[in-house]
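Coordinates as given in model.pdb (PDB, C-alpha atoms and all ligand atoms):
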```
ATOM      1  CA  MET A 292     122.181  12.920 199.157
ATOM      2  CA  ARG A 293     121.876  13.030 195.417
ATOM      3  CA  ILE A 294     123.071  16.651 195.410
ATOM      4  CA  LEU A 295     125.979  15.785 197.692
ATOM      5  CA  ALA A 296     126.986  12.977 195.350
ATOM      6  CA  ALA A 297     126.836  15.366 192.396
ATOM      7  CA  VAL A 298     129.051  17.873 194.212
ATOM      8  CA  ILE A 299     131.577  15.171 195.091
ATOM      9  CA  MET A 300     131.652  14.008 191.474
ATOM     10  CA  ALA A 301     132.161  17.591 190.236
ATOM     11  CA  VAL A 302     135.040  18.202 192.665
ATOM     12  CA  ALA A 303     136.619  14.868 191.761
ATOM     13  CA  ALA A 304     136.400  15.763 188.062
ATOM     14  CA  ILE A 305     138.218  19.051 188.672
ATOM     15  CA  VAL A 306     140.891  17.476 190.883
ATOM     16  CA  PHE A 307     141.635  14.580 188.564
ATOM     17  CA  SER A 308     141.604  16.635 185.377
ATOM     18  CA  SER A 309     144.261  19.067 186.622
ATOM     19  CA  PRO A 310     147.590  18.539 184.841
ATOM     20  CA  ALA A 311     149.427  17.489 187.962
ATOM     21  CA  SER A 312     152.011  14.774 188.022
ATOM     22  CA  VAL A 313     153.303  12.589 190.807
ATOM     23  CA  ALA A 314     156.895  12.486 192.061
ATOM     24  CA  GLY A 315     158.754   9.691 190.305
ATOM     25  CA  GLU A 316     156.449   9.842 187.301
ATOM     26  CA  THR A 317     157.735  10.371 183.753
ATOM     27  CA  VAL A 318     155.783  12.774 181.547
ATOM     28  CA  ARG A 319     156.170  12.911 177.789
ATOM     29  CA  VAL A 320     156.690  16.003 175.647
ATOM     30  CA  GLY A 321     156.463  15.363 171.916
ATOM     31  CA  MET A 322     158.427  17.222 169.255
ATOM     32  CA  ASN A 323     156.522  17.499 166.021
ATOM     33  CA  LYS A 324     156.129  20.070 163.212
ATOM     34  CA  ASN A 325     158.788  22.196 164.939
ATOM     35  CA  LEU A 326     156.707  22.449 168.115
ATOM     36  CA  TYR A 327     157.005  21.034 171.599
ATOM     37  CA  GLU A 328     153.707  19.417 172.615
ATOM     38  CA  PRO A 329     152.610  20.499 175.150
ATOM     39  CA  ARG A 330     154.470  23.789 174.878
ATOM     40  CA  VAL A 331     153.882  24.564 178.564
ATOM     41  CA  LEU A 332     154.087  21.552 180.839
ATOM     42  CA  LYS A 333     153.036  21.744 184.502
ATOM     43  CA  ILE A 334     154.485  19.148 186.822
ATOM     44  CA  LYS A 335     155.185  18.425 190.476
ATOM     45  CA  PRO A 336     158.727  18.299 191.918
ATOM     46  CA  GLY A 337     160.422  14.943 191.390
ATOM     47  CA  THR A 338     158.852  14.428 187.971
ATOM     48  CA  THR A 339     160.967  13.354 185.011
ATOM     49  CA  VAL A 340     160.206  14.845 181.619
ATOM     50  CA  GLU A 341     160.995  12.832 178.518
ATOM     51  CA  TRP A 342     161.183  14.690 175.219
ATOM     52  CA  VAL A 343     160.510  12.433 172.253
ATOM     53  CA  ASN A 344     161.143  13.419 168.638
ATOM     54  CA  ASP A 345     157.952  12.478 166.746
ATOM     55  CA  GLU A 346     159.105  13.964 163.424
ATOM     56  CA  LYS A 347     159.629  11.946 160.257
ATOM     57  CA  ARG A 348     162.979  13.512 159.347
ATOM     58  CA  THR A 349     163.691  16.674 161.356
ATOM     59  CA  SER A 350     166.086  16.585 164.297
ATOM     60  CA  HIS A 351     165.729  18.742 167.396
ATOM     61  CA  SER A 352     167.344  19.273 170.773
ATOM     62  CA  VAL A 353     166.399  20.488 174.249
ATOM     63  CA  PHE A 354     168.438  23.478 175.373
ATOM     64  CA  PHE A 355     167.984  25.175 178.763
ATOM     65  CA  GLU A 356     170.030  28.105 177.587
ATOM     66  CA  GLN A 357     168.922  30.575 180.285
ATOM     67  CA  GLU A 358     170.191  28.228 183.019
ATOM     68  CA  GLY A 359     173.527  27.979 181.257
ATOM     69  CA  LEU A 360     173.157  24.237 180.807
ATOM     70  CA  GLU A 361     174.654  22.256 177.988
ATOM     71  CA  GLU A 362     172.368  21.533 175.058
ATOM     72  CA  SER A 363     171.082  17.957 174.770
ATOM     73  CA  ASP A 364     172.411  15.764 172.007
ATOM     74  CA  ARG A 365     170.703  16.270 168.670
ATOM     75  CA  LEU A 366     167.618  14.055 168.767
ATOM     76  CA  PHE A 367     166.776  12.253 165.561
ATOM     77  CA  PRO A 368     163.249  10.909 164.874
ATOM     78  CA  GLY A 369     162.344   8.344 167.537
ATOM     79  CA  GLU A 370     165.084   9.440 169.913
ATOM     80  CA  SER A 371     164.458  10.940 173.333
ATOM     81  CA  TRP A 372     166.115  12.837 176.178
ATOM     82  CA  LYS A 373     165.176  13.107 179.850
ATOM     83  CA  ARG A 374     165.551  15.553 182.702
ATOM     84  CA  THR A 375     164.226  15.290 186.270
ATOM     85  CA  PHE A 376     162.958  18.466 187.970
ATOM     86  CA  ASP A 377     163.291  18.572 191.765
ATOM     87  CA  LYS A 378     162.934  22.282 192.511
ATOM     88  CA  PRO A 379     159.848  24.443 191.936
ATOM     89  CA  GLY A 380     160.208  27.141 189.303
ATOM     90  CA  ALA A 381     159.740  27.981 185.645
ATOM     91  CA  TYR A 382     162.235  26.369 183.275
ATOM     92  CA  PRO A 383     162.157  27.881 179.785
ATOM     93  CA  TYR A 384     163.988  26.048 177.027
ATOM     94  CA  ARG A 385     164.385  26.055 173.297
ATOM     95  CA  CYS A 386     165.564  23.894 170.441
ATOM     96  CA  GLY A 387     169.235  24.392 169.511
ATOM     97  CA  PRO A 388     168.850  24.389 165.705
ATOM     98  CA  HIS A 389     165.407  26.118 165.788
ATOM     99  CA  PRO A 390     165.601  29.060 168.239
ATOM    100  CA  GLU A 391     161.948  29.970 167.612
ATOM    101  CA  MET A 392     160.896  26.522 168.862
ATOM    102  CA  THR A 393     160.395  27.110 172.582
ATOM    103  CA  GLY A 394     158.776  25.525 175.603
ATOM    104  CA  THR A 395     158.524  25.866 179.372
ATOM    105  CA  VAL A 396     158.388  23.386 182.211
ATOM    106  CA  GLU A 397     156.551  24.774 185.242
ATOM    107  CA  VAL A 398     157.291  22.963 188.485
ATOM    108  CA  THR A 399     154.881  23.751 191.321
ATOM    109  CA  PRO A 400     154.747  22.075 194.743
TER     110      PRO A 400
HETATM  111 CU    CU B 501     164.145  21.908 166.558
END
```
Is it possible to give me this structure as structure tokens?
Amino acid sequence: MRILAAVIMAVAAIVFSSPASVAGETVRVGMNKNLYEPRVLKIKPGTTVEWVNDEKRTSHSVFFEQEGLEESDRLFPGESWKRTFDKPGAYPYRCGPHPEMTGTVEVTP
């Protein structure tokens, strides 16, 4: 029984440490030192992502250019912007003023 308990604990640790989100949940992506953190975010359908500018003085945006969407407003330090993802897929994006600043949202069922 002790071994069984250890196996259950190990499986639980793996399951609960996976970066999965729950539908209706809001997950934060920071923007700091010209990087999105985390750069690759894995979520479940129905999750809202909130990008928050954690810089002291640099402004950023969130631009899903490849989807042909409009760029977000310019986000000044402390400001944020949200998008909800309902369909599975990979959603690459970048910062408008800093094209080398990129990230991806991966939505998996
Ligand atoms: Cu930027």
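If you apply the PyMOL selection byres (((chain A and resi 393) around 10) and not hetatm) to this structure, you end up with Asn325, Leu326, Tyr327, Arg330, Val331, Val353, Phe354, Phe355, Pro383, Tyr384, Arg385, Cys386, Gly387, His389, Pro390, Glu391, Met392, Gly394 and Thr395 of chain A.
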What would the file look like if the residues just selected were written as a PDB file, in the coordinates of the input with C-alpha atoms?
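Output (again_31.pdb):
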```pdb
ATOM      1  CA  ASN A 325     158.788  22.196 164.939  1.00  0.00           C
ATOM      2  CA  LEU A 326     156.707  22.449 168.115  1.00  0.00           C
ATOM      3  CA  TYR A 327     157.005  21.034 171.599  1.00  0.00           C
ATOM      4  CA  ARG A 330     154.470  23.789 174.878  1.00  0.00           C
ATOM      5  CA  VAL A 331     153.882  24.564 178.564  1.00  0.00           C
ATOM      6  CA  VAL A 353     166.399  20.488 174.249  1.00  0.00           C
ATOM      7  CA  PHE A 354     168.438  23.478 175.373  1.00  0.00           C
ATOM      8  CA  PHE A 355     167.984  25.175 178.763  1.00  0.00           C
ATOM      9  CA  PRO A 383     162.157  27.881 179.785  1.00  0.00           C
ATOM     10  CA  TYR A 384     163.988  26.048 177.027  1.00  0.00           C
ATOM     11  CA  ARG A 385     164.385  26.055 173.297  1.00  0.00           C
ATOM     12  CA  CYS A 386     165.564  23.894 170.441  1.00  0.00           C
ATOM     13  CA  GLY A 387     169.235  24.392 169.511  1.00  0.00           C
ATOM     14  CA  HIS A 389     165.407  26.118 165.788  1.00  0.00           C
ATOM     15  CA  PRO A 390     165.601  29.060 168.239  1.00  0.00           C
ATOM     16  CA  GLU A 391     161.948  29.970 167.612  1.00  0.00           C
ATOM     17  CA  MET A 392     160.896  26.522 168.862  1.00  0.00           C
ATOM     18  CA  GLY A 394     158.776  25.525 175.603  1.00  0.00           C
ATOM     19  CA  THR A 395     158.524  25.866 179.372  1.00  0.00           C
TER      20      THR A 395
END
```
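Residues in contact with Asp364 of chain A at 9 Å, where only C-alpha atoms are counted and same-chain residues fewer than 3 positions away are skipped, are listed as His351, Ser352, Val353 and Trp372 of chain A.
Comparing the minimum interatomic distances between ligand CU 501 (chain B) and each of A:Val313, A:Ile334, A:Leu360, A:Val343, counting all atoms listed in the file, we find that A:Val343 sits nearest.
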Q: Translate the PyMOL selection byres (((chain A and resi 320) around 8) and not hetatm), as applied to the file shown, into an explicit residue set as a PyMOL selection string.
A: chain A and resi 318-319+321-322+327-329+340-343
Q: Could you list the residues chosen by the PyMOL selection byres (((chain A and resi 336) around 7) and not hetatm) in this structure as a ChimeraX atom specification?
A: /A:314,334-335,337-338,376-379,398-400
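As for atom CA of Leu366 of chain A and atom CA of Arg348 of chain A, they are spaced 10.5 Å apart.
Across A:Ser312, A:Thr317, A:Phe367, A:Lys373, the tightest approach to ligand CU 501 (chain B) is made by A:Phe367 when counting all atoms listed in the file.
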